[in-house]
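Since the structure comes first, as structure tokens, the remarks are kept for the end.
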Amino acid sequence: MLTVKEVTKRYGKVLAVDQMSFEIGEGEISVVLGPNGAGKSTIIKCIAGLLQHSGEITICGHKNKNLEAKRVLSYIPETPALYDSLTVEEHIHFIAKAYRINDYEEYAAQLFERFDLSDKTDKLGKELSRGMQQKVSICCGVITRPRVILFDEPMIGLDPKAIKELKKLFIELKGRGCSVLISTHIIDTIKEVWDRVLIMNKGRIVSTISRSDVGNENELEEHFFAVTGAAE
């Protein structure tokens with residue numbers, strides 16, 4: 001579903017992503033886990049088509065910058081980017097129209113309910129708190145029912161209930177056959193949901209772990225600190 005092959009990204013003399021390669025299969029939840037500055041957000045933005053890079057990225061067999069790839073891809077950025085003058089409900093309508101989606105209203109109402117937005121649908125983007133903006137961004141990202149979805153540090157700003165609902169949503173997306181890629185530097189946020197972890201440090205994948213490779217979450221944490229040289 002998602003293939004990243006020898007992708008490199010530089011910012012001037014800084015090598016942010018260094019010949020990175022990996023694949024994510026259908027119905028798989030993979031996590032790019034790494035310390036701050038490892039290059040996680042950079043590779044996510046490369047996949048989303050927001051940055052120029054060398055190497056090749058394909059989404060469902062299409063080059064990531066092609067329209068066919070963009071139709072099946074969703075991206076939830078670390079910092080929500082809502083329109084100040086659109087209401088919560090209008091954001092969903094705008095995305096649905098842009099993707100030419102029909103019969104989305106019932107699903108939108110379900111998303112609003114689970115993320116406590118039902119009583120805020122007439123609020124403007126600029127009137128929402130950081131956490132509420134993040135919830136709207138998540139709803140906009142999944143309303144298209146994508147085949148590949150990217151989450152960049154999705155838990156930041158969310159309250160405990162929203163975090164719980166988001167984890168449930170990860171599992172639901174997996175059940176639909178969606179390929180899910182989550183970027184984070186906080187190990188605890190991805191407990192119980194991951195199938196594979198790509199540990200990233202200094203622009204490279206330094207270790208790849210499947211859930212069957214570890215007995216418990218503590219082993220993942222210990223391995224993370226060992227391969228990244230990070231202090232707990």
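Identifiers in the structure tokens: chain A, B, ... in order shown; residue index from 1 per chain; ligand index from 1 in order shown.
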Quiz item: What's the 9 Å shell around A:Gly61, counting only C-alpha atoms, without same-chain residues fewer than 2 positions away, as number ranges by chain?
Solution: A: 1-3, 58-59, 63-64, 69
Can I get the residues of stretch 122-198 of chain A within 12 Å of stretch 89-106 of chain A, each with the closest pair of atoms and their distance in Å to one decimal, using only C-alpha atoms, sorted chain first then ascending number, as JSON lines?
{"residue": "A:Asp122", "atom": "CA", "partner": "A:Glu89", "partner_atom": "CA", "distance": 6.5}
{"residue": "A:Lys123", "atom": "CA", "partner": "A:Glu89", "partner_atom": "CA", "distance": 8.4}
{"residue": "A:Leu124", "atom": "CA", "partner": "A:Glu90", "partner_atom": "CA", "distance": 9.0}
{"residue": "A:Gly125", "atom": "CA", "partner": "A:His91", "partner_atom": "CA", "distance": 8.6}
{"residue": "A:Gln133", "atom": "CA", "partner": "A:His91", "partner_atom": "CA", "distance": 10.9}
{"residue": "A:Lys135", "atom": "CA", "partner": "A:His91", "partner_atom": "CA", "distance": 11.8}
{"residue": "A:Val136", "atom": "CA", "partner": "A:His91", "partner_atom": "CA", "distance": 8.0}
{"residue": "A:Ser137", "atom": "CA", "partner": "A:His91", "partner_atom": "CA", "distance": 8.9}
{"residue": "A:Ile138", "atom": "CA", "partner": "A:Ile92", "partner_atom": "CA", "distance": 10.5}
{"residue": "A:Cys139", "atom": "CA", "partner": "A:Ile92", "partner_atom": "CA", "distance": 7.5}
{"residue": "A:Cys140", "atom": "CA", "partner": "A:Ile92", "partner_atom": "CA", "distance": 5.7}
{"residue": "A:Gly141", "atom": "CA", "partner": "A:Ile95", "partner_atom": "CA", "distance": 8.6}
{"residue": "A:Val142", "atom": "CA", "partner": "A:Ile92", "partner_atom": "CA", "distance": 10.0}
{"residue": "A:Ile143", "atom": "CA", "partner": "A:Tyr104", "partner_atom": "CA", "distance": 7.1}
{"residue": "A:Thr144", "atom": "CA", "partner": "A:Ala96", "partner_atom": "CA", "distance": 6.8}
{"residue": "A:Arg145", "atom": "CA", "partner": "A:Ile101", "partner_atom": "CA", "distance": 9.5}
{"residue": "A:Pro146", "atom": "CA", "partner": "A:Tyr99", "partner_atom": "CA", "distance": 10.5}
Residues just named, written with C-alpha atoms as a PDB file, in the first residue's frame:
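The new file selection-v4.pdb reads:
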ATOM      1  CA  ASP A 122     -21.080  25.954  14.412  1.00  0.00           C
ATOM      2  CA  LYS A 123     -17.834  27.175  15.990  1.00  0.00           C
ATOM      3  CA  LEU A 124     -15.290  28.829  13.691  1.00  0.00           C
ATOM      4  CA  GLY A 125     -11.823  27.349  13.359  1.00  0.00           C
ATOM      5  CA  GLN A 133      -8.608  21.925  16.350  1.00  0.00           C
ATOM      6  CA  LYS A 135      -9.999  16.722  16.801  1.00  0.00           C
ATOM      7  CA  VAL A 136     -11.426  18.516  13.754  1.00  0.00           C
ATOM      8  CA  SER A 137      -8.236  17.750  11.824  1.00  0.00           C
ATOM      9  CA  ILE A 138      -8.606  14.056  12.657  1.00  0.00           C
ATOM     10  CA  CYS A 139     -12.251  14.050  11.559  1.00  0.00           C
ATOM     11  CA  CYS A 140     -11.315  15.734   8.268  1.00  0.00           C
ATOM     12  CA  GLY A 141      -8.585  13.161   7.726  1.00  0.00           C
ATOM     13  CA  VAL A 142     -10.768  10.088   8.136  1.00  0.00           C
ATOM     14  CA  ILE A 143     -14.017  11.334   6.574  1.00  0.00           C
ATOM     15  CA  THR A 144     -12.627  10.439   3.130  1.00  0.00           C
ATOM     16  CA  ARG A 145     -12.171   6.797   4.223  1.00  0.00           C
ATOM     17  CA  PRO A 146      -8.570   6.735   2.952  1.00  0.00           C
TER      18      PRO A 146
END
Practice problem: Please run DSSP on the backbone and report, as a VMD selection string, all residues within stretch 36-182 of chain A that come out as alpha helix (DSSP H). | Solution: chain A and resid 40 to 47 67 to 71 88 to 98 105 to 114 130 to 142 160 to 175
Keeping only C-alpha atoms, write the selected residues as a JSON list (two decimals), in the first residue's frame.
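File written: again_35.json
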[["chain", "number", "residue", "atom", "x", "y", "z"],
["A", 40, "LYS", "CA", 10.12, 11.72, 11.65],
["A", 41, "SER", "CA", 8.05, 14.71, 10.56],
["A", 42, "THR", "CA", 10.27, 15.18, 7.52],
["A", 43, "ILE", "CA", 9.63, 11.69, 6.16],
["A", 44, "ILE", "CA", 5.89, 12.07, 6.87],
["A", 45, "LYS", "CA", 5.84, 15.34, 4.90],
["A", 46, "CYS", "CA", 7.80, 13.72, 2.07],
["A", 47, "ILE", "CA", 5.21, 10.94, 1.86],
["A", 67, "LEU", "CA", -3.66, 12.77, -8.25],
["A", 68, "GLU", "CA", -4.48, 9.05, -8.03],
["A", 69, "ALA", "CA", -2.30, 8.75, -4.91],
["A", 70, "LYS", "CA", -3.73, 11.88, -3.30],
["A", 71, "ARG", "CA", -7.27, 10.52, -3.71],
["A", 88, "VAL", "CA", -16.37, 22.78, 12.25],
["A", 89, "GLU", "CA", -19.19, 21.43, 10.09],
["A", 90, "GLU", "CA", -18.09, 23.46, 7.07],
["A", 91, "HIS", "CA", -14.60, 21.95, 7.30],
["A", 92, "ILE", "CA", -16.09, 18.49, 6.85],
["A", 93, "HIS", "CA", -18.30, 19.65, 3.97],
["A", 94, "PHE", "CA", -15.31, 21.30, 2.29],
["A", 95, "ILE", "CA", -13.20, 18.12, 2.46],
["A", 96, "ALA", "CA", -16.10, 15.96, 1.29],
["A", 97, "LYS", "CA", -16.71, 18.22, -1.70],
["A", 98, "ALA", "CA", -13.00, 18.36, -2.55],
["A", 105, "GLU", "CA", -23.12, 13.01, 6.83],
["A", 106, "GLU", "CA", -23.92, 10.05, 9.09],
["A", 107, "TYR", "CA", -20.24, 9.14, 9.46],
["A", 108, "ALA", "CA", -19.40, 12.79, 10.17],
["A", 109, "ALA", "CA", -22.03, 12.88, 12.92],
["A", 110, "GLN", "CA", -20.53, 9.74, 14.46],
["A", 111, "LEU", "CA", -17.07, 11.30, 14.44],
["A", 112, "PHE", "CA", -18.36, 14.51, 15.99],
["A", 113, "GLU", "CA", -20.04, 12.49, 18.74],
["A", 114, "ARG", "CA", -17.04, 10.39, 19.65],
["A", 130, "ARG", "CA", -5.60, 23.60, 20.16],
["A", 131, "GLY", "CA", -7.09, 20.28, 21.26],
["A", 132, "MET", "CA", -10.40, 20.93, 19.54],
["A", 133, "GLN", "CA", -8.61, 21.93, 16.35],
["A", 134, "GLN", "CA", -6.72, 18.63, 16.47],
["A", 135, "LYS", "CA", -10.00, 16.72, 16.80],
["A", 136, "VAL", "CA", -11.43, 18.52, 13.75],
["A", 137, "SER", "CA", -8.24, 17.75, 11.82],
["A", 138, "ILE", "CA", -8.61, 14.06, 12.66],
["A", 139, "CYS", "CA", -12.25, 14.05, 11.56],
["A", 140, "CYS", "CA", -11.32, 15.73, 8.27],
["A", 141, "GLY", "CA", -8.59, 13.16, 7.73],
["A", 142, "VAL", "CA", -10.77, 10.09, 8.14],
["A", 160, "PRO", "CA", -7.57, 11.45, 27.76],
["A", 161, "LYS", "CA", -10.99, 10.57, 26.31],
["A", 162, "ALA", "CA", -9.97, 11.77, 22.84],
["A", 163, "ILE", "CA", -6.73, 9.77, 23.06],
["A", 164, "LYS", "CA", -8.74, 6.66, 23.93],
["A", 165, "GLU", "CA", -11.10, 7.27, 21.00],
["A", 166, "LEU", "CA", -8.21, 7.88, 18.63],
["A", 167, "LYS", "CA", -6.62, 4.56, 19.59],
["A", 168, "LYS", "CA", -9.94, 2.86, 18.88],
["A", 169, "LEU", "CA", -10.02, 4.65, 15.54],
["A", 170, "PHE", "CA", -6.57, 3.31, 14.67],
["A", 171, "ILE", "CA", -7.88, -0.23, 15.16],
["A", 172, "GLU", "CA", -11.00, 0.50, 13.11],
["A", 173, "LEU", "CA", -8.91, 1.85, 10.25],
["A", 174, "LYS", "CA", -6.77, -1.27, 10.38],
["A", 175, "GLY", "CA", -9.92, -3.40, 10.25]]
Practice problem: Going by DSSP on the backbone, which bits of stretch 7-153 of chain A are strand (DSSP E)? Write them as JSON, numbers by chain, please. | Solution: {"A": [7, 8, 9, 10, 11, 14, 15, 16, 17, 18, 19, 20, 21, 22, 23, 24, 29, 30, 31, 32, 33, 54, 55, 56, 57, 58, 59, 62, 63, 73, 74, 75, 76, 148, 149, 150, 151, 152]}
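Distances to A:Phe225 were evaluated for A:Leu150, A:Ile199, A:Ile29, A:Ile57 using only C-alpha atoms, and the minimum falls at A:Ile199.
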Quiz item: Counting only C-alpha atoms, which of A:Thr8, A:Asn201, A:Ser129, A:Asn218 gets nearest to A:Ile187?
Solution: A:Asn218
Exercise. Measuring atom to atom with only C-alpha atoms, identify which of A:Glu153, A:Glu192, A:Asp159, A:Glu222 is nearest to A:Tyr75.
Key: A:Glu153
Non-local contacts of A:Ile209 (7 Å; only C-alpha atoms; under 5 positions in same chain excluded) as a PDB file with N, CA and C atoms, in the first residue's frame:
ATOM      1  N   ARG A 196       4.014  -2.792  13.824  1.00  0.00           N
ATOM      2  CA  ARG A 196       5.451  -2.720  13.535  1.00  0.00           C
ATOM      3  C   ARG A 196       5.954  -1.339  13.922  1.00  0.00           C
ATOM      4  N   VAL A 197       7.143  -1.300  14.497  1.00  0.00           N
ATOM      5  CA  VAL A 197       7.762  -0.036  14.887  1.00  0.00           C
ATOM      6  C   VAL A 197       9.050   0.150  14.112  1.00  0.00           C
ATOM      7  N   LEU A 198       9.174   1.310  13.473  1.00  0.00           N
ATOM      8  CA  LEU A 198      10.394   1.691  12.773  1.00  0.00           C
ATOM      9  C   LEU A 198      11.094   2.716  13.656  1.00  0.00           C
TER      10      LEU A 198
END
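Comparing the minimum interatomic distances between A:Met155 and each of A:Gly25, A:Gly37, A:Gly55, A:Pro77, counting only C-alpha atoms, we find that A:Pro77 sits nearest.
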Quiz item: With only C-alpha atoms as the basis for distance, which of A:Val31, A:Leu117, A:Val4, A:Ala38 is at the shortest distance from A:Thr189?
Solution: A:Val31
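If only C-alpha atoms are the atoms counted, then among A:Val32, A:Leu82, A:Cys60, A:Val148 the closest residue to A:Val180 is A:Val148.
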